[in-house]
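Peer 1: This one is query_16.cif, mmCIF, C-alpha atoms.
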data_target
#
loop_
_atom_site.label_atom_id
_atom_site.label_comp_id
_atom_site.auth_asym_id
_atom_site.auth_seq_id
_atom_site.Cartn_x
_atom_site.Cartn_y
_atom_site.Cartn_z
CA MET Q 119 96.05 114.89 126.30
CA THR Q 120 92.94 116.92 125.53
CA PRO Q 121 92.86 118.13 121.93
CA PHE Q 122 92.39 121.83 121.37
CA ILE Q 123 88.97 122.61 120.01
CA LYS Q 124 88.34 125.32 117.44
CA LYS Q 125 85.74 128.02 118.01
CA LYS Q 126 83.68 126.81 115.05
CA ASP Q 127 83.57 123.26 116.49
CA ILE Q 128 82.13 124.31 119.87
CA LYS Q 129 78.53 123.16 120.29
CA LYS Q 130 76.61 124.86 123.08
CA ASP Q 131 73.65 122.98 124.55
CA TRP Q 132 70.83 124.35 126.67
CA TYR Q 133 69.85 122.79 129.99
CA ILE Q 134 66.92 123.54 132.27
CA ILE Q 135 66.96 122.91 136.02
CA ASN Q 136 64.03 123.16 138.43
CA ALA Q 137 65.38 124.70 141.67
CA GLN Q 138 62.38 123.85 143.84
CA ASN Q 139 63.51 122.61 147.30
CA VAL Q 140 67.14 122.26 146.15
CA ALA Q 141 70.21 123.23 148.22
CA VAL Q 142 71.79 126.46 146.95
CA GLY Q 143 75.45 125.48 147.26
CA ARG Q 144 75.07 122.12 145.56
CA LEU Q 145 73.11 123.66 142.71
CA ALA Q 146 75.64 126.49 142.29
CA ALA Q 147 78.55 124.02 142.14
CA PHE Q 148 76.80 121.96 139.46
CA ILE Q 149 75.87 125.05 137.42
CA SER Q 150 79.41 126.46 137.56
CA LYS Q 151 80.78 123.18 136.13
CA VAL Q 152 78.30 123.27 133.26
CA LEU Q 153 78.94 126.97 132.53
CA ARG Q 154 82.69 126.37 132.35
CA GLY Q 155 82.32 123.22 130.25
CA LYS Q 156 83.98 120.91 132.76
CA ASN Q 157 81.34 118.28 132.07
CA LYS Q 158 82.65 117.87 128.50
CA PRO Q 159 85.67 115.85 127.39
CA THR Q 160 86.92 118.85 125.36
CA PHE Q 161 87.37 121.12 128.42
CA ASN Q 162 90.13 123.71 128.22
CA PRO Q 163 90.39 126.35 130.96
CA HIS Q 164 91.06 129.22 128.53
CA ILE Q 165 88.19 128.49 126.10
CA ASP Q 166 84.51 129.28 126.62
CA ASN Q 167 83.27 125.74 126.02
CA GLY Q 168 80.34 125.75 128.46
CA ASP Q 169 76.62 125.39 127.94
CA PHE Q 170 73.61 127.59 128.71
CA VAL Q 171 71.69 126.91 131.92
CA VAL Q 172 68.09 127.99 132.59
CA VAL Q 173 67.02 127.80 136.25
CA THR Q 174 63.32 127.98 137.11
CA ASN Q 175 61.45 128.24 140.43
CA ILE Q 176 64.32 130.16 142.02
CA ASP Q 177 61.89 131.63 144.56
CA LYS Q 178 61.50 128.14 146.11
CA ILE Q 179 65.23 127.45 146.59
CA LYS Q 180 66.38 126.33 150.05
CA PHE Q 181 69.33 126.69 152.40
CA THR Q 182 70.43 124.01 154.84
CA GLY Q 183 70.70 124.79 158.53
CA LYS Q 184 70.41 128.45 159.59
CA LYS Q 185 72.22 129.84 156.54
CA PHE Q 186 69.12 131.64 155.27
CA THR Q 187 69.30 134.12 158.16
CA ASN Q 188 72.92 133.85 159.36
CA LYS Q 189 74.86 133.88 156.06
CA LYS Q 190 76.29 137.28 155.13
CA TYR Q 191 77.31 138.68 151.75
CA TYR Q 192 79.83 141.55 151.87
CA LYS Q 193 80.79 144.12 149.28
CA HIS Q 194 82.85 147.28 149.54
CA THR Q 195 82.09 150.56 147.79
CA GLY Q 196 85.73 151.62 147.73
CA HIS Q 197 85.25 154.49 150.15
CA PRO Q 198 86.39 154.46 153.79
CA GLY Q 199 83.79 152.69 155.91
CA GLY Q 200 81.94 151.62 152.78
CA ILE Q 201 81.42 147.94 153.58
CA LYS Q 202 77.89 146.79 152.81
CA GLU Q 203 76.31 143.66 154.23
CA SER Q 204 73.28 141.64 153.16
CA SER Q 205 71.85 138.19 153.80
CA PRO Q 206 69.72 135.78 151.75
CA ALA Q 207 66.71 136.75 153.89
CA SER Q 208 67.17 140.46 153.10
CA LEU Q 209 67.64 139.71 149.38
CA LYS Q 210 64.41 137.70 149.37
CA GLU Q 211 62.56 140.56 151.11
CA ARG Q 212 63.66 142.91 148.32
CA ASN Q 213 62.49 140.40 145.64
CA LYS Q 214 66.07 139.72 144.52
CA THR Q 215 65.99 135.94 144.86
CA GLU Q 216 67.85 135.63 141.54
CA ASP Q 217 70.86 137.35 143.12
CA ILE Q 218 71.19 134.61 145.76
CA LEU Q 219 72.02 131.96 143.16
CA LYS Q 220 73.88 134.35 140.87
CA LEU Q 221 76.24 135.37 143.71
CA ALA Q 222 76.87 131.73 144.62
CA VAL Q 223 77.67 130.76 141.01
CA LYS Q 224 79.76 133.89 140.40
CA ARG Q 225 81.97 133.14 143.38
CA MET Q 226 82.53 129.56 142.18
CA LEU Q 227 83.81 130.72 138.79
CA PRO Q 228 87.40 131.93 138.42
CA GLY Q 229 87.84 135.71 138.24
CA GLY Q 230 88.40 137.52 134.98
CA PRO Q 231 86.76 138.39 131.68
CA LEU Q 232 86.12 134.76 130.68
CA ALA Q 233 84.14 134.10 133.88
CA LYS Q 234 82.00 137.20 133.25
CA LYS Q 235 81.22 135.90 129.76
CA GLN Q 236 80.37 132.46 131.15
CA LEU Q 237 78.07 133.95 133.79
CA THR Q 238 75.97 135.60 131.07
CA LYS Q 239 74.95 132.09 129.96
CA LEU Q 240 73.05 131.61 133.24
CA LYS Q 241 69.35 132.50 132.93
CA ILE Q 242 67.33 132.63 136.18
CA TYR Q 243 63.52 132.87 136.48
CA ASN Q 244 61.16 133.02 139.47
CA GLY Q 245 58.34 130.80 138.22
CA GLU Q 246 57.99 127.86 135.83
CA LYS Q 247 57.75 130.08 132.74
CA HIS Q 248 60.80 131.06 130.69
CA PRO Q 249 61.27 132.39 127.14
CA HIS Q 250 63.80 129.72 126.05
CA GLU Q 251 61.47 126.99 124.73
CA ILE Q 252 62.67 127.63 121.17
CA GLN Q 253 66.19 126.42 122.11
CA LYS Q 254 64.74 123.03 123.20
CA PRO Q 255 66.60 122.78 126.52
CA LYS Q 256 67.35 119.36 127.96
CA ILE Q 257 65.82 118.79 131.40
CA ILE Q 258 68.19 117.95 134.25
CA GLU Q 259 66.40 116.53 137.27
CA PHE Q 260 68.90 117.85 139.77
CA ASP Q 261 66.99 116.66 142.83
CA LYS Q 262 67.23 113.07 141.54
CA LEU Q 263 71.03 113.14 140.90
CA ASN Q 264 71.77 112.83 144.62
CA LYS Q 265 69.42 112.43 147.56
CA ARG Q 266 71.29 115.17 149.46
CA ASN Q 267 70.48 117.76 146.77
CA LEU Q 268 66.90 117.93 148.01
CA VAL Q 269 66.24 119.92 151.20
CA LYS Q 270 63.10 118.99 153.09
#
Write the structure described by the file as structure tokens, please.
Peer 2:
Amino acid sequence: MTPFIKKKDIKKDWYIINAQNVAVGRLAAFISKVLRGKNKPTFNPHIDNGDFVVVTNIDKIKFTGKKFTNKKYYKHTGHPGGIKESSPASLKERNKTEDILKLAVKRMLPGGPLAKKQLTKLKIYNGEKHPHEIQKPKIIEFDKLNKRNLVK
């Protein structure tokens, strides 16, 4: 049985991931586990036990197959006929490459207020630079964890 952890005992680490030439879905699945805290032995589904994740080089992220042009994201405004559609290609044209990964991670987290709080611990940046050096993030070489993570 997993012991319940107190709020004062929770230690949040910082991780940095380089997203250059990495598959979006695989990266989003890994990030959602870290944000929820499922990689820790003290995981409880109702406690925010996850860590912070900094993702760099998001503008060089890749899709496998034809998903970059064929994949569709839908949202509804709430009005009749108010369904809106976008694709990763259209998001990249509008310089919203951060939203591609954020949408993927958001949809892999459970719904509710706790998931919204966990999603705020995801920091996404276009280039190599980020303002989180003071937190001393640990580097995760995601492309080396599995050979299928890297898209050529």
Peer 1: Check what the PyMOL selection byres ((chain Q and resi 177-194) around 8) selects in the file above and give those residues as a list of chain:residue names.
Peer 2: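 That selection, the PyMOL selection byres ((chain Q and resi 177-194) around 8), comes back as Q:Ala137, Q:Gln138, Q:Asn139, Q:Val140, Q:Ala141, Q:Val142, Q:Asn175, Q:Ile176, Q:Thr195, Q:Gly196, Q:His197, Q:Gly200, Q:Ile201, Q:Lys202, Q:Glu203, Q:Ser204, Q:Ser205, Q:Pro206, Q:Ala207, Q:Thr215, Q:Glu216, Q:Asn244, Q:Gly245, Q:Val269.
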Peer 1: Provide the atom CA of Q:Arg144 to atom CA of Q:Leu237 distance in Å, to one decimal place.
Peer 2: 17.0 Å
Peer 1: With distances taken over all atoms listed in the file, which of Q:Pro249, Q:Gly143, Q:Ile134, Q:Asp127 is nearest to Q:Arg225?
Peer 2: Q:Gly143
Peer 1: Please evaluate the PyMOL selection byres ((chain Q and resi 250) around 12) against the structure above and give the resulting residues as an mmCIF file with C-alpha atoms, in the coordinates of the input.
Peer 2:
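Writing the result to out02.cif gives the following:
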data_model
loop_
_atom_site.group_PDB
_atom_site.id
_atom_site.type_symbol
_atom_site.label_atom_id
_atom_site.label_comp_id
_atom_site.auth_asym_id
_atom_site.auth_seq_id
_atom_site.Cartn_x
_atom_site.Cartn_y
_atom_site.Cartn_z
ATOM 1 C CA TRP Q 132 70.830 124.350 126.670
ATOM 2 C CA TYR Q 133 69.850 122.790 129.990
ATOM 3 C CA ILE Q 134 66.920 123.540 132.270
ATOM 4 C CA PHE Q 170 73.610 127.590 128.710
ATOM 5 C CA VAL Q 171 71.690 126.910 131.920
ATOM 6 C CA VAL Q 172 68.090 127.990 132.590
ATOM 7 C CA VAL Q 173 67.020 127.800 136.250
ATOM 8 C CA THR Q 174 63.320 127.980 137.110
ATOM 9 C CA LEU Q 240 73.050 131.610 133.240
ATOM 10 C CA LYS Q 241 69.350 132.500 132.930
ATOM 11 C CA ILE Q 242 67.330 132.630 136.180
ATOM 12 C CA TYR Q 243 63.520 132.870 136.480
ATOM 13 C CA GLU Q 246 57.990 127.860 135.830
ATOM 14 C CA LYS Q 247 57.750 130.080 132.740
ATOM 15 C CA HIS Q 248 60.800 131.060 130.690
ATOM 16 C CA PRO Q 249 61.270 132.390 127.140
ATOM 17 C CA GLU Q 251 61.470 126.990 124.730
ATOM 18 C CA ILE Q 252 62.670 127.630 121.170
ATOM 19 C CA GLN Q 253 66.190 126.420 122.110
ATOM 20 C CA LYS Q 254 64.740 123.030 123.200
ATOM 21 C CA PRO Q 255 66.600 122.780 126.520
ATOM 22 C CA LYS Q 256 67.350 119.360 127.960
#
Peer 1: Any idea what's packed within 12 Å of Q:Ile123, counting all atoms listed in the file, ignoring anything in its chain fewer than 6 positions away? Could you give it as a tab-separated table (two decimals) with C-alpha atoms, in the frame of the given file?
Peer 2:
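Writing the result to around_27.tsv gives the following:
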chain	number	residue	atom	x	y	z
Q	129	LYS	CA	78.53	123.16	120.29
Q	158	LYS	CA	82.65	117.87	128.50
Q	159	PRO	CA	85.67	115.85	127.39
Q	160	THR	CA	86.92	118.85	125.36
Q	161	PHE	CA	87.37	121.12	128.42
Q	162	ASN	CA	90.13	123.71	128.22
Q	163	PRO	CA	90.39	126.35	130.96
Q	164	HIS	CA	91.06	129.22	128.53
Q	165	ILE	CA	88.19	128.49	126.10
Q	166	ASP	CA	84.51	129.28	126.62
Q	167	ASN	CA	83.27	125.74	126.02
Peer 1: Using all atoms listed in the file for the distances, tell me which of Q:Val152, Q:Ile135, Q:Leu145, Q:Ile128 is nearest to Q:Ile218.
Peer 2: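 Checking each candidate against Q:Ile218, we get Q:Leu145 as the closest.
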Peer 1: Using only C-alpha atoms, which residue out of Q:Leu268, Q:Leu209, Q:Ala146, Q:Ile257 lies closest to Q:Lys224?
Peer 2: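 Closest residue, counting only C-alpha atoms: Q:Ala146.
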Peer 1: By how many Å are atom CA of Q:Phe148 and atom CA of Q:Gly229 apart?
Peer 2: 17.7 Å
Peer 1: Using only C-alpha atoms, which protein or nucleic acid residues come within 6 Å of Q:Leu153? Drop anything in the same chain fewer than 6 positions from it, and give the result as a PyMOL selection string.
Peer 2: chain Q and resi 168-169+236
Peer 1: Quick one: distance from atom CA of Q:Ala147 to atom CA of Q:Ala222 in Å, one decimal?
Peer 2: 8.3 Å
Peer 1: Put the listed atoms of stretch 197-205 of chain Q in a box along x, y and z with 6 Å added on every side and give me the centre and edge lengths in Å to one decimal, as AutoDock Vina command-line options.
Peer 2:
--center_x 79.1 --center_y 146.3 --center_z 153.0 --size_x 26.5 --size_y 28.3 --size_z 17.8
Peer 1: Kindly indicate which residue among Q:Ser208, Q:Asn264, Q:Thr238, Q:Asn136 lies nearest to Q:Lys220, using all atoms listed in the file for the distances.
Peer 2: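 Among the listed residues, the smallest separation from Q:Lys220 belongs to Q:Thr238.
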